[in-house]
Every structure is written in structure tokens, then in C-alpha cells.
file structure27.pdb (PDB, C-alpha atoms)
ATOM      1  CA  MET A   1      -5.077 -12.816  16.760  1.00  0.00           C
ATOM      2  CA  GLU A   2      -3.359 -16.074  17.528  1.00  0.00           C
ATOM      3  CA  ALA A   3      -0.668 -17.255  19.867  1.00  0.00           C
ATOM      4  CA  ALA A   4       2.063 -16.072  22.114  1.00  0.00           C
ATOM      5  CA  GLY A   5       5.460 -14.948  20.904  1.00  0.00           C
ATOM      6  CA  VAL A   6       9.070 -14.985  22.012  1.00  0.00           C
ATOM      7  CA  GLY A   7      11.251 -11.893  22.267  1.00  0.00           C
ATOM      8  CA  GLU A   8      14.788 -11.050  23.255  1.00  0.00           C
ATOM      9  CA  GLU A   9      16.305 -13.125  26.083  1.00  0.00           C
ATOM     10  CA  GLY A  10      13.325 -15.467  26.031  1.00  0.00           C
ATOM     11  CA  ARG A  11      10.710 -12.873  26.957  1.00  0.00           C
ATOM     12  CA  ILE A  12       7.208 -14.233  26.384  1.00  0.00           C
ATOM     13  CA  PHE A  13       4.512 -12.039  24.873  1.00  0.00           C
ATOM     14  CA  GLN A  14       1.011 -13.382  25.406  1.00  0.00           C
ATOM     15  CA  SER A  15      -0.252 -11.727  22.225  1.00  0.00           C
ATOM     16  CA  PRO A  16       0.936  -9.513  19.349  1.00  0.00           C
ATOM     17  CA  GLU A  17      -0.932  -6.641  20.969  1.00  0.00           C
ATOM     18  CA  GLU A  18       1.295  -6.967  24.045  1.00  0.00           C
ATOM     19  CA  LEU A  19       4.405  -6.759  21.837  1.00  0.00           C
ATOM     20  CA  TRP A  20       3.311  -3.599  20.031  1.00  0.00           C
ATOM     21  CA  GLN A  21       2.069  -1.972  23.236  1.00  0.00           C
ATOM     22  CA  SER A  22       5.447  -2.678  24.842  1.00  0.00           C
ATOM     23  CA  ALA A  23       7.231  -1.064  21.887  1.00  0.00           C
ATOM     24  CA  LYS A  24       4.959   1.998  22.082  1.00  0.00           C
ATOM     25  CA  GLU A  25       5.582   2.378  25.806  1.00  0.00           C
ATOM     26  CA  GLN A  26       9.299   2.528  25.076  1.00  0.00           C
ATOM     27  CA  ASP A  27       9.072   4.834  22.101  1.00  0.00           C
ATOM     28  CA  GLY A  28       5.715   6.601  21.872  1.00  0.00           C
ATOM     29  CA  GLU A  29       4.628   6.012  18.300  1.00  0.00           C
ATOM     30  CA  LEU A  30       7.163   3.355  17.269  1.00  0.00           C
ATOM     31  CA  PRO A  31       9.622   5.451  15.196  1.00  0.00           C
ATOM     32  CA  GLN A  32      12.554   3.671  16.834  1.00  0.00           C
ATOM     33  CA  TRP A  33      11.151   0.322  15.675  1.00  0.00           C
ATOM     34  CA  TYR A  34      11.607   1.445  12.077  1.00  0.00           C
ATOM     35  CA  THR A  35      14.804   3.460  12.447  1.00  0.00           C
ATOM     36  CA  ALA A  36      16.486   0.475  14.119  1.00  0.00           C
ATOM     37  CA  ALA A  37      15.741  -1.671  11.067  1.00  0.00           C
ATOM     38  CA  VAL A  38      17.070   0.981   8.660  1.00  0.00           C
ATOM     39  CA  ASP A  39      20.162   1.479  10.827  1.00  0.00           C
ATOM     40  CA  TYR A  40      20.782  -2.263  10.672  1.00  0.00           C
ATOM     41  CA  TRP A  41      20.575  -2.366   6.867  1.00  0.00           C
ATOM     42  CA  ASP A  42      22.640   0.780   6.511  1.00  0.00           C
ATOM     43  CA  ARG A  43      25.482  -1.191   8.105  1.00  0.00           C
ATOM     44  CA  GLN A  44      25.216  -4.140   5.708  1.00  0.00           C
ATOM     45  CA  GLU A  45      27.226  -4.481   2.514  1.00  0.00           C
ATOM     46  CA  ALA A  46      25.378  -3.259  -0.582  1.00  0.00           C
ATOM     47  CA  SER A  47      25.574  -6.594  -2.396  1.00  0.00           C
ATOM     48  CA  VAL A  48      23.448  -9.695  -2.910  1.00  0.00           C
ATOM     49  CA  ASP A  49      25.403 -11.452  -0.172  1.00  0.00           C
ATOM     50  CA  GLY A  50      24.913  -8.443   2.095  1.00  0.00           C
ATOM     51  CA  VAL A  51      21.140  -8.253   1.706  1.00  0.00           C
ATOM     52  CA  LEU A  52      20.828 -12.027   2.139  1.00  0.00           C
ATOM     53  CA  GLY A  53      22.773 -12.035   5.386  1.00  0.00           C
ATOM     54  CA  GLY A  54      25.708 -13.976   3.994  1.00  0.00           C
ATOM     55  CA  TYR A  55      23.499 -16.445   2.128  1.00  0.00           C
ATOM     56  CA  GLY A  56      23.940 -14.972  -1.327  1.00  0.00           C
ATOM     57  CA  HIS A  57      24.550 -18.456  -2.681  1.00  0.00           C
ATOM     58  CA  LEU A  58      20.872 -19.236  -2.063  1.00  0.00           C
ATOM     59  CA  THR A  59      19.627 -16.615  -4.520  1.00  0.00           C
ATOM     60  CA  SER A  60      19.376 -19.084  -7.412  1.00  0.00           C
ATOM     61  CA  TYR A  61      17.018 -21.320  -5.390  1.00  0.00           C
ATOM     62  CA  ASP A  62      15.055 -18.291  -4.231  1.00  0.00           C
ATOM     63  CA  VAL A  63      14.556 -16.889  -7.729  1.00  0.00           C
ATOM     64  CA  ARG A  64      13.823 -20.340  -9.177  1.00  0.00           C
ATOM     65  CA  ASP A  65      10.940 -20.938  -6.772  1.00  0.00           C
ATOM     66  CA  SER A  66       9.698 -17.353  -6.988  1.00  0.00           C
ATOM     67  CA  ARG A  67       9.508 -17.611 -10.779  1.00  0.00           C
ATOM     68  CA  ALA A  68       7.653 -20.934 -10.599  1.00  0.00           C
ATOM     69  CA  PHE A  69       5.206 -19.498  -8.067  1.00  0.00           C
ATOM     70  CA  LEU A  70       4.682 -16.325 -10.103  1.00  0.00           C
ATOM     71  CA  LYS A  71       3.890 -18.401 -13.183  1.00  0.00           C
ATOM     72  CA  LYS A  72       1.528 -20.657 -11.249  1.00  0.00           C
ATOM     73  CA  ALA A  73      -0.427 -17.778  -9.725  1.00  0.00           C
ATOM     74  CA  TYR A  74      -0.255 -15.263 -12.583  1.00  0.00           C
ATOM     75  CA  GLY A  75       0.609 -17.322 -15.621  1.00  0.00           C
ATOM     76  CA  ALA A  76      -2.162 -16.103 -17.934  1.00  0.00           C
ATOM     77  CA  ALA A  77      -1.094 -12.468 -17.548  1.00  0.00           C
ATOM     78  CA  LEU A  78       2.576 -13.365 -18.035  1.00  0.00           C
ATOM     79  CA  ALA A  79       1.707 -15.244 -21.232  1.00  0.00           C
ATOM     80  CA  GLU A  80      -0.222 -12.235 -22.551  1.00  0.00           C
ATOM     81  CA  ALA A  81       2.766  -9.995 -21.836  1.00  0.00           C
ATOM     82  CA  GLU A  82       5.165 -12.383 -23.572  1.00  0.00           C
ATOM     83  CA  ALA A  83       2.858 -12.385 -26.606  1.00  0.00           C
ATOM     84  CA  GLY A  84       2.928  -8.591 -26.735  1.00  0.00           C
ATOM     85  CA  LYS A  85      -0.740  -8.273 -25.795  1.00  0.00           C
ATOM     86  CA  ARG A  86      -0.176  -6.641 -22.404  1.00  0.00           C
ATOM     87  CA  ARG A  87       2.325  -4.409 -20.638  1.00  0.00           C
ATOM     88  CA  LEU A  88       3.081  -5.355 -17.059  1.00  0.00           C
ATOM     89  CA  VAL A  89       4.219  -2.927 -14.363  1.00  0.00           C
ATOM     90  CA  ALA A  90       5.585  -4.157 -11.025  1.00  0.00           C
ATOM     91  CA  LEU A  91       6.596  -2.713  -7.666  1.00  0.00           C
ATOM     92  CA  ASP A  92       9.488  -4.277  -5.724  1.00  0.00           C
ATOM     93  CA  CYS A  93       8.953  -3.539  -2.013  1.00  0.00           C
ATOM     94  CA  GLY A  94      11.936  -3.532   0.317  1.00  0.00           C
ATOM     95  CA  ALA A  95      13.989  -3.804  -2.860  1.00  0.00           C
ATOM     96  CA  GLY A  96      17.470  -3.703  -1.333  1.00  0.00           C
ATOM     97  CA  VAL A  97      20.070  -3.695  -4.114  1.00  0.00           C
ATOM     98  CA  GLY A  98      17.478  -4.610  -6.751  1.00  0.00           C
ATOM     99  CA  ARG A  99      18.105  -8.348  -6.663  1.00  0.00           C
ATOM    100  CA  VAL A 100      14.449  -9.369  -7.177  1.00  0.00           C
ATOM    101  CA  THR A 101      13.928  -6.659  -9.783  1.00  0.00           C
ATOM    102  CA  GLU A 102      16.976  -7.753 -11.762  1.00  0.00           C
ATOM    103  CA  GLN A 103      16.639 -11.515 -11.493  1.00  0.00           C
ATOM    104  CA  LEU A 104      12.861 -11.931 -11.536  1.00  0.00           C
ATOM    105  CA  LEU A 105      10.578  -8.990 -12.211  1.00  0.00           C
ATOM    106  CA  LEU A 106      12.346  -7.428 -15.209  1.00  0.00           C
ATOM    107  CA  HIS A 107      12.171 -10.772 -16.998  1.00  0.00           C
ATOM    108  CA  HIS A 108       8.392 -10.443 -17.103  1.00  0.00           C
ATOM    109  CA  CYS A 109       7.525  -6.760 -16.640  1.00  0.00           C
ATOM    110  CA  GLN A 110       8.162  -3.826 -18.940  1.00  0.00           C
ATOM    111  CA  GLU A 111       8.467  -1.429 -15.991  1.00  0.00           C
ATOM    112  CA  VAL A 112       9.501  -1.969 -12.385  1.00  0.00           C
ATOM    113  CA  ASP A 113       9.471   0.572  -9.559  1.00  0.00           C
ATOM    114  CA  LEU A 114      11.560   0.006  -6.432  1.00  0.00           C
ATOM    115  CA  VAL A 115      10.942   1.212  -2.884  1.00  0.00           C
ATOM    116  CA  GLU A 116      13.669   0.822  -0.235  1.00  0.00           C
ATOM    117  CA  PRO A 117      14.403   2.814   2.956  1.00  0.00           C
ATOM    118  CA  SER A 118      18.193   2.328   3.044  1.00  0.00           C
ATOM    119  CA  ALA A 119      19.848   4.982   0.874  1.00  0.00           C
ATOM    120  CA  HIS A 120      23.057   3.097   0.135  1.00  0.00           C
ATOM    121  CA  LEU A 121      21.202  -0.079  -0.876  1.00  0.00           C
ATOM    122  CA  LEU A 122      18.899   1.887  -3.161  1.00  0.00           C
ATOM    123  CA  ASP A 123      21.863   3.731  -4.682  1.00  0.00           C
ATOM    124  CA  ALA A 124      23.468   0.376  -5.469  1.00  0.00           C
ATOM    125  CA  ALA A 125      20.227  -0.788  -7.097  1.00  0.00           C
ATOM    126  CA  ARG A 126      19.955   2.389  -9.162  1.00  0.00           C
ATOM    127  CA  GLN A 127      23.546   2.118 -10.366  1.00  0.00           C
ATOM    128  CA  SER A 128      23.306  -1.585 -11.170  1.00  0.00           C
ATOM    129  CA  LEU A 129      19.989  -1.431 -12.983  1.00  0.00           C
ATOM    130  CA  SER A 130      20.815   1.702 -14.947  1.00  0.00           C
ATOM    131  CA  THR A 131      24.342   0.830 -16.078  1.00  0.00           C
ATOM    132  CA  ARG A 132      24.230  -2.900 -16.738  1.00  0.00           C
ATOM    133  CA  GLY A 133      21.505  -2.596 -19.339  1.00  0.00           C
ATOM    134  CA  ALA A 134      19.082  -5.225 -20.580  1.00  0.00           C
ATOM    135  CA  ARG A 135      21.248  -8.267 -20.139  1.00  0.00           C
ATOM    136  CA  ASP A 136      18.995 -11.250 -19.659  1.00  0.00           C
ATOM    137  CA  TRP A 137      15.588  -9.591 -19.604  1.00  0.00           C
ATOM    138  CA  PRO A 138      13.728  -8.572 -22.801  1.00  0.00           C
ATOM    139  CA  ARG A 139      14.688  -5.428 -24.669  1.00  0.00           C
ATOM    140  CA  GLY A 140      12.839  -2.366 -23.463  1.00  0.00           C
ATOM    141  CA  HIS A 141      12.187  -3.655 -19.955  1.00  0.00           C
ATOM    142  CA  LYS A 142      13.521  -1.191 -17.388  1.00  0.00           C
ATOM    143  CA  ALA A 143      13.549  -0.010 -13.788  1.00  0.00           C
ATOM    144  CA  VAL A 144      11.715   3.314 -13.766  1.00  0.00           C
ATOM    145  CA  ASN A 145      11.266   4.820 -10.293  1.00  0.00           C
ATOM    146  CA  PHE A 146      13.502   4.470  -7.238  1.00  0.00           C
ATOM    147  CA  TYR A 147      11.691   5.541  -4.059  1.00  0.00           C
ATOM    148  CA  GLN A 148      13.686   5.950  -0.854  1.00  0.00           C
ATOM    149  CA  ALA A 149      11.057   5.309   1.815  1.00  0.00           C
ATOM    150  CA  GLY A 150       9.921   2.770   4.331  1.00  0.00           C
ATOM    151  CA  ILE A 151       7.001   0.807   2.968  1.00  0.00           C
ATOM    152  CA  GLU A 152       5.025   1.673   6.102  1.00  0.00           C
ATOM    153  CA  GLN A 153       4.896   5.268   4.825  1.00  0.00           C
ATOM    154  CA  HIS A 154       5.171   4.854   1.059  1.00  0.00           C
ATOM    155  CA  GLU A 155       2.152   6.111  -0.881  1.00  0.00           C
ATOM    156  CA  LEU A 156       1.483   3.986  -3.939  1.00  0.00           C
ATOM    157  CA  GLU A 157       0.076   5.345  -7.182  1.00  0.00           C
ATOM    158  CA  GLN A 158      -3.453   4.018  -7.508  1.00  0.00           C
ATOM    159  CA  GLY A 159      -4.087   1.651 -10.385  1.00  0.00           C
ATOM    160  CA  ARG A 160      -0.464   1.598 -11.607  1.00  0.00           C
ATOM    161  CA  TYR A 161       0.646  -1.958 -10.885  1.00  0.00           C
ATOM    162  CA  ASP A 162      -0.042  -5.437 -12.213  1.00  0.00           C
ATOM    163  CA  ILE A 163       2.332  -7.059  -9.698  1.00  0.00           C
ATOM    164  CA  ILE A 164       3.345  -5.874  -6.240  1.00  0.00           C
ATOM    165  CA  TRP A 165       6.138  -8.039  -4.788  1.00  0.00           C
ATOM    166  CA  LEU A 166       6.837  -7.851  -1.052  1.00  0.00           C
ATOM    167  CA  GLN A 167       9.764 -10.091  -0.063  1.00  0.00           C
ATOM    168  CA  TRP A 168      11.512 -10.181   3.318  1.00  0.00           C
ATOM    169  CA  ALA A 169       9.955  -6.825   4.164  1.00  0.00           C
ATOM    170  CA  ALA A 170       6.643  -7.626   5.890  1.00  0.00           C
ATOM    171  CA  LEU A 171       8.578  -8.812   8.948  1.00  0.00           C
ATOM    172  CA  TYR A 172       9.717  -5.211   9.591  1.00  0.00           C
ATOM    173  CA  LEU A 173       6.170  -3.823   9.834  1.00  0.00           C
ATOM    174  CA  THR A 174       3.850  -3.741  12.811  1.00  0.00           C
ATOM    175  CA  ASP A 175       0.564  -5.551  12.331  1.00  0.00           C
ATOM    176  CA  GLU A 176      -1.427  -2.377  11.779  1.00  0.00           C
ATOM    177  CA  ASP A 177       1.119  -0.885   9.385  1.00  0.00           C
ATOM    178  CA  LEU A 178       1.275  -4.126   7.405  1.00  0.00           C
ATOM    179  CA  ILE A 179      -2.514  -4.245   7.111  1.00  0.00           C
ATOM    180  CA  ALA A 180      -2.562  -0.590   6.024  1.00  0.00           C
ATOM    181  CA  PHE A 181       0.149  -1.222   3.430  1.00  0.00           C
ATOM    182  CA  LEU A 182      -1.672  -4.262   2.062  1.00  0.00           C
ATOM    183  CA  ARG A 183      -4.811  -2.158   1.655  1.00  0.00           C
ATOM    184  CA  ARG A 184      -2.872   0.595  -0.132  1.00  0.00           C
ATOM    185  CA  SER A 185      -1.311  -2.065  -2.323  1.00  0.00           C
ATOM    186  CA  ALA A 186      -4.715  -3.450  -3.270  1.00  0.00           C
ATOM    187  CA  ALA A 187      -5.785   0.060  -4.322  1.00  0.00           C
ATOM    188  CA  ALA A 188      -2.621   0.405  -6.403  1.00  0.00           C
ATOM    189  CA  LEU A 189      -3.316  -2.722  -8.452  1.00  0.00           C
ATOM    190  CA  LYS A 190      -4.800  -2.623 -11.914  1.00  0.00           C
ATOM    191  CA  PRO A 191      -7.916  -4.767 -12.470  1.00  0.00           C
ATOM    192  CA  GLY A 192      -6.712  -8.352 -12.373  1.00  0.00           C
ATOM    193  CA  GLY A 193      -3.465  -7.393 -10.654  1.00  0.00           C
ATOM    194  CA  MET A 194      -1.928  -9.490  -7.903  1.00  0.00           C
ATOM    195  CA  LEU A 195      -0.004  -8.942  -4.679  1.00  0.00           C
ATOM    196  CA  PHE A 196       2.786 -11.364  -3.745  1.00  0.00           C
ATOM    197  CA  VAL A 197       4.283 -11.792  -0.284  1.00  0.00           C
ATOM    198  CA  LYS A 198       7.350 -13.967   0.317  1.00  0.00           C
ATOM    199  CA  GLU A 199       8.400 -14.156   3.933  1.00  0.00           C
ATOM    200  CA  ASN A 200      10.057 -16.091   6.738  1.00  0.00           C
ATOM    201  CA  VAL A 201       7.564 -18.034   8.839  1.00  0.00           C
ATOM    202  CA  CYS A 202       7.873 -19.731  12.220  1.00  0.00           C
ATOM    203  CA  ASP A 203       5.883 -22.755  13.374  1.00  0.00           C
ATOM    204  CA  LYS A 204       3.527 -20.854  15.681  1.00  0.00           C
ATOM    205  CA  GLY A 205       2.998 -17.389  17.136  1.00  0.00           C
ATOM    206  CA  PHE A 206       5.867 -15.029  16.424  1.00  0.00           C
ATOM    207  CA  VAL A 207       9.564 -14.536  17.114  1.00  0.00           C
ATOM    208  CA  VAL A 208      11.050 -11.072  17.722  1.00  0.00           C
ATOM    209  CA  ASP A 209      14.604 -10.221  16.641  1.00  0.00           C
ATOM    210  CA  ASN A 210      15.750  -6.993  18.282  1.00  0.00           C
ATOM    211  CA  ALA A 211      18.984  -6.914  16.270  1.00  0.00           C
ATOM    212  CA  ASP A 212      17.159  -5.786  13.131  1.00  0.00           C
ATOM    213  CA  ALA A 213      13.727  -4.935  14.621  1.00  0.00           C
ATOM    214  CA  SER A 214      11.906  -7.751  12.848  1.00  0.00           C
ATOM    215  CA  VAL A 215       9.065 -10.108  13.709  1.00  0.00           C
ATOM    216  CA  THR A 216       8.854 -13.549  12.129  1.00  0.00           C
ATOM    217  CA  ARG A 217       5.208 -14.631  12.131  1.00  0.00           C
ATOM    218  CA  SER A 218       3.573 -18.014  11.681  1.00  0.00           C
ATOM    219  CA  HIS A 219       1.689 -18.987   8.526  1.00  0.00           C
ATOM    220  CA  GLN A 220      -1.630 -18.764  10.373  1.00  0.00           C
ATOM    221  CA  TYR A 221      -0.706 -15.332  11.717  1.00  0.00           C
ATOM    222  CA  TYR A 222      -0.165 -14.074   8.144  1.00  0.00           C
ATOM    223  CA  VAL A 223      -3.427 -15.618   6.954  1.00  0.00           C
ATOM    224  CA  GLN A 224      -5.254 -13.688   9.670  1.00  0.00           C
ATOM    225  CA  LEU A 225      -3.541 -10.427   8.700  1.00  0.00           C
ATOM    226  CA  PHE A 226      -4.405 -10.943   5.026  1.00  0.00           C
ATOM    227  CA  ASP A 227      -8.006 -11.527   6.014  1.00  0.00           C
ATOM    228  CA  ARG A 228      -8.078  -8.339   8.086  1.00  0.00           C
ATOM    229  CA  ALA A 229      -6.710  -6.443   5.074  1.00  0.00           C
ATOM    230  CA  GLY A 230      -9.630  -7.667   2.964  1.00  0.00           C
ATOM    231  CA  LEU A 231      -7.503  -9.864   0.697  1.00  0.00           C
ATOM    232  CA  ARG A 232      -8.161 -13.317  -0.711  1.00  0.00           C
ATOM    233  CA  LEU A 233      -5.361 -15.880  -0.635  1.00  0.00           C
ATOM    234  CA  THR A 234      -5.230 -17.612  -4.019  1.00  0.00           C
ATOM    235  CA  HIS A 235      -2.007 -19.657  -3.814  1.00  0.00           C
ATOM    236  CA  THR A 236       0.663 -20.479  -1.260  1.00  0.00           C
ATOM    237  CA  ALA A 237       3.827 -22.607  -1.346  1.00  0.00           C
ATOM    238  CA  LEU A 238       6.993 -23.203   0.651  1.00  0.00           C
ATOM    239  CA  GLN A 239      10.444 -22.315  -0.628  1.00  0.00           C
ATOM    240  CA  LYS A 240      12.555 -25.418  -1.301  1.00  0.00           C
ATOM    241  CA  ASP A 241      16.229 -26.230  -0.767  1.00  0.00           C
ATOM    242  CA  PHE A 242      17.039 -23.678   1.941  1.00  0.00           C
ATOM    243  CA  PRO A 243      19.130 -24.818   4.942  1.00  0.00           C
ATOM    244  CA  LYS A 244      17.058 -26.363   7.714  1.00  0.00           C
ATOM    245  CA  SER A 245      18.803 -24.078  10.193  1.00  0.00           C
ATOM    246  CA  LEU A 246      16.942 -21.078   8.725  1.00  0.00           C
ATOM    247  CA  PHE A 247      13.313 -20.151   9.124  1.00  0.00           C
ATOM    248  CA  LYS A 248      11.005 -21.680   6.560  1.00  0.00           C
ATOM    249  CA  VAL A 249      10.065 -19.275   3.760  1.00  0.00           C
ATOM    250  CA  ARG A 250       6.513 -19.191   2.403  1.00  0.00           C
ATOM    251  CA  MET A 251       5.064 -17.498  -0.689  1.00  0.00           C
ATOM    252  CA  TYR A 252       1.545 -16.057  -0.938  1.00  0.00           C
ATOM    253  CA  SER A 253      -0.454 -14.626  -3.836  1.00  0.00           C
ATOM    254  CA  LEU A 254      -3.327 -12.307  -2.924  1.00  0.00           C
ATOM    255  CA  THR A 255      -6.166 -10.483  -4.620  1.00  0.00           C
ATOM    256  CA  LEU A 256      -9.091  -8.369  -3.497  1.00  0.00           C
ATOM    257  CA  ARG A 257     -11.981 -10.372  -2.110  1.00  0.00           C
TER     258      ARG A 257
END
call {"tool": "encode", "arguments": {"input": "structure27.pdb", "output": "C-alpha cells"}}
result
Amino acid sequence: MEAAGVGEEGRIFQSPEELWQSAKEQDGELPQWYTAAVDYWDRQEASVDGVLGGYGHLTSYDVRDSRAFLKKAYGAALAEAEAGKRRLVALDCGAGVGRVTEQLLLHHCQEVDLVEPSAHLLDAARQSLSTRGARDWPRGHKAVNFYQAGIEQHELEQGRYDIIWLQWAALYLTDEDLIAFLRRSAAALKPGGMLFVKENVCDKGFVVDNADASVTRSHQYYVQLFDRAGLRLTHTALQKDFPKSLFKVRMYSLTLR
């Protein structure tokens, strides 16, 4: 695995393995790594602005580029669904208040499941998606299952999904847990299904944020993890029109090799 990383107060980690070993030494089997992230999100407002860290105004750019990327990578299947020849089922991972489900996935998929570890964010998603009705998405499209769980422990139903969408959630997983989740996701895809990852990326190595127990990885770091998970990268693109003061955001589409 590539490159050194930077932690709190400028601490240098010579490798990802050193980071995760350090976390284990402090906490045995890393439960505090995950509970710290959930505790952080439990304190945030259950709104689009809350889950985007005060950058709710960027959601239109985010959804615009996500939709364009989804169509580029999975356009044939979307066209079949729009023509009534196929029913699409999606999973929204780290779903927060259901922003991606509401603004992106339900526009293309008849069913969407959500998985989110923070109870109050998931409750907000359940209330919003169940009471607002089919506003902009096609009639009959609906959110079906709301799973309160961390994605590092969530067991996916094999062969259920056409699309698995993982956005701003991979950064909360250790390398091994992310690889394991990607493998479970691959097993949960229908034939021809596709896994999407949209995530912050740094220029090289990794950057640790102890405030929310997250790790921002480089593009090459993610490519290596995808390879270790046995996945093939089919498309990738950078998010446009975000402030330069933020990390770059990159999108990936993945299938089984």
C-alpha cells in the first residue's frame, strides 16, 4: 500500500498499517474508531445542511454530477428501466437524511434501501421519504428498507441490488473493513449490477481527521483498495464546482473482475 499519511497535530504515519495498528493499540479491536464517527454525526443537525457540514448549498452541484456519472457508467440499464423493461433496486450506504435517495436514486430506481448508523439521521430520512410522497421521481418509486447499522457490519442481501451507492462513507472505514464491505457489495449485486463510490480524495497518501474519525485517501490509494477487493474500475471522474478550499471529490464505478 502506498504512501505516508498525516494525522492529528501533524503526526506522520509511514503507512496505513501503522495508522490502523496505532488505533488498535489504543482500543483493542477498533470499536472506538466507529463509535466516535457515530457520536459525531449524532451531534449534527438532521438536515441537508447538517449532513453536508454547512455546505448544503452545494447539493445541486453534487447531484448534477452524480446523475451525469451514473448515466455515463450505467446508462443502458437506466434506459431499460425508463422504458419499463427493467426494475432497478438500489442501496444508499451512509444514507444520512436520505438526500441521495431523494434527489438521485429514486429518480431512476423503483426501490431504494437505506443503511445509516446514526438513529436521528435515519429517522429524519424515514419521515421525509415516507410523508413527502412521490414528488419529482416517477410514480411507484419508493424507499423500502431503513437499516440502522454501520456499513462495516451491515449484511447485504445477496443478489438484490442493481446499484449500490457509497458516498462520503468509505472514509469512515478501516482498509480491511472497506475491502470486506466492497466484497459483500459485489455479492449483493444482480448480474450486470454496479457499485458506485463517491468520496473525498487527497493528493497523496492519506489524511486523518480525529474529530469525526475519518481518513481521506488519495485516488491511487482507493484504486489499490478496489483491486484488493477484486473489483474492476470502469469509470472515474472528478466532481466539479466545489470550493477549492475543500478536498477534491472523485466518483468511481466498479464491477466484478
call {"tool": "resolve_selection", "arguments": {"input": "structure27.pdb", "expression": "the PyMOL selection byres ((chain A and resi 234-250) around 6)", "output": "list in words"}}
result
Lys198, Glu199, Asn200, Val201, Leu233, Met251, Tyr252, Ser253 and Leu254 of chain A
call {"tool": "closest_atom_pairs", "arguments": {"input": "structure27.pdb", "of": "segment 144-198 of chain A", "to": "segment 60-75 of chain A", "cutoff": "9 Å", "atoms": "all atoms listed in the file", "output": "Markdown table"}}
result
| residue | atom | partner | partner_atom | distance |
| --- | --- | --- | --- | --- |
| A:Gly193 | CA | A:Tyr74 | CA | 8.7 |
| A:Met194 | CA | A:Tyr74 | CA | 7.6 |
| A:Phe196 | CA | A:Leu70 | CA | 8.3 |
| A:Lys198 | CA | A:Ser66 | CA | 8.4 |
call {"tool": "atom_distance", "arguments": {"input": "structure27.pdb", "atom1": "atom CA of Asp162 of chain A", "atom2": "atom CA of Asn145 of chain A"}}
result
15.4 Å
call {"tool": "resolve_selection", "arguments": {"input": "structure27.pdb", "expression": "the PyMOL selection byres ((chain A and resi 159) around 12)", "output": "PyMOL selection string"}}
result
chain A and resi 89-91+156-158+160-164+184-194
call {"tool": "atom_distance", "arguments": {"input": "structure27.pdb", "atom1": "atom CA of Ala170 of chain A", "atom2": "atom CA of His108 of chain A"}}
result
23.2 Å
call {"tool": "atom_distance", "arguments": {"input": "structure27.pdb", "atom1": "atom CA of Leu195 of chain A", "atom2": "atom CA of Phe146 of chain A"}}
result
19.2 Å
call {"tool": "resolve_selection", "arguments": {"input": "structure27.pdb", "expression": "the PyMOL selection byres ((chain A and resi 228) around 10)", "output": "PDB file with C-alpha atoms, in the frame of the given file"}}
result
ATOM      1  CA  GLU A 176      -1.427  -2.377  11.779  1.00  0.00           C
ATOM      2  CA  ILE A 179      -2.514  -4.245   7.111  1.00  0.00           C
ATOM      3  CA  ALA A 180      -2.562  -0.590   6.024  1.00  0.00           C
ATOM      4  CA  LEU A 182      -1.672  -4.262   2.062  1.00  0.00           C
ATOM      5  CA  ARG A 183      -4.811  -2.158   1.655  1.00  0.00           C
ATOM      6  CA  TYR A 222      -0.165 -14.074   8.144  1.00  0.00           C
ATOM      7  CA  VAL A 223      -3.427 -15.618   6.954  1.00  0.00           C
ATOM      8  CA  GLN A 224      -5.254 -13.688   9.670  1.00  0.00           C
ATOM      9  CA  LEU A 225      -3.541 -10.427   8.700  1.00  0.00           C
ATOM     10  CA  PHE A 226      -4.405 -10.943   5.026  1.00  0.00           C
ATOM     11  CA  ASP A 227      -8.006 -11.527   6.014  1.00  0.00           C
ATOM     12  CA  ALA A 229      -6.710  -6.443   5.074  1.00  0.00           C
ATOM     13  CA  GLY A 230      -9.630  -7.667   2.964  1.00  0.00           C
ATOM     14  CA  LEU A 231      -7.503  -9.864   0.697  1.00  0.00           C
TER      15      LEU A 231
END
call {"tool": "build_atoms", "arguments": {"input": "structure27.pdb", "residues": "segment 170-179 of chain A", "atoms": "N, CA, C and O atoms", "output": "mmCIF file, in the frame of the given file"}}
result
data_model
loop_
_atom_site.group_PDB
_atom_site.id
_atom_site.type_symbol
_atom_site.label_atom_id
_atom_site.label_comp_id
_atom_site.auth_asym_id
_atom_site.auth_seq_id
_atom_site.Cartn_x
_atom_site.Cartn_y
_atom_site.Cartn_z
ATOM 1 N N ALA A 170 7.802 -7.642 4.993
ATOM 2 C CA ALA A 170 6.643 -7.626 5.890
ATOM 3 C C ALA A 170 7.061 -7.816 7.340
ATOM 4 O O ALA A 170 6.418 -7.284 8.258
ATOM 5 N N LEU A 171 8.148 -8.542 7.577
ATOM 6 C CA LEU A 171 8.578 -8.812 8.948
ATOM 7 C C LEU A 171 9.065 -7.563 9.675
ATOM 8 O O LEU A 171 9.222 -7.582 10.899
ATOM 9 N N TYR A 172 9.280 -6.458 8.946
ATOM 10 C CA TYR A 172 9.717 -5.211 9.591
ATOM 11 C C TYR A 172 8.551 -4.290 9.940
ATOM 12 O O TYR A 172 8.763 -3.235 10.545
ATOM 13 N N LEU A 173 7.324 -4.676 9.582
ATOM 14 C CA LEU A 173 6.170 -3.823 9.834
ATOM 15 C C LEU A 173 5.378 -4.314 11.040
ATOM 16 O O LEU A 173 5.249 -5.517 11.266
ATOM 17 N N THR A 174 4.816 -3.378 11.784
ATOM 18 C CA THR A 174 3.850 -3.741 12.811
ATOM 19 C C THR A 174 2.605 -4.307 12.137
ATOM 20 O O THR A 174 2.384 -4.125 10.937
ATOM 21 N N ASP A 175 1.777 -4.971 12.903
ATOM 22 C CA ASP A 175 0.564 -5.551 12.331
ATOM 23 C C ASP A 175 -0.290 -4.495 11.639
ATOM 24 O O ASP A 175 -0.739 -4.686 10.504
ATOM 25 N N GLU A 176 -0.535 -3.394 12.334
ATOM 26 C CA GLU A 176 -1.427 -2.377 11.779
ATOM 27 C C GLU A 176 -0.820 -1.719 10.546
ATOM 28 O O GLU A 176 -1.533 -1.422 9.585
ATOM 29 N N ASP A 177 0.481 -1.491 10.553
ATOM 30 C CA ASP A 177 1.119 -0.885 9.385
ATOM 31 C C ASP A 177 1.153 -1.853 8.205
ATOM 32 O O ASP A 177 1.033 -1.436 7.048
ATOM 33 N N LEU A 178 1.310 -3.147 8.490
ATOM 34 C CA LEU A 178 1.275 -4.126 7.405
ATOM 35 C C LEU A 178 -0.121 -4.193 6.793
ATOM 36 O O LEU A 178 -0.276 -4.198 5.565
ATOM 37 N N ILE A 179 -1.141 -4.225 7.615
ATOM 38 C CA ILE A 179 -2.514 -4.245 7.111
ATOM 39 C C ILE A 179 -2.788 -3.001 6.278
ATOM 40 O O ILE A 179 -3.360 -3.072 5.181
#
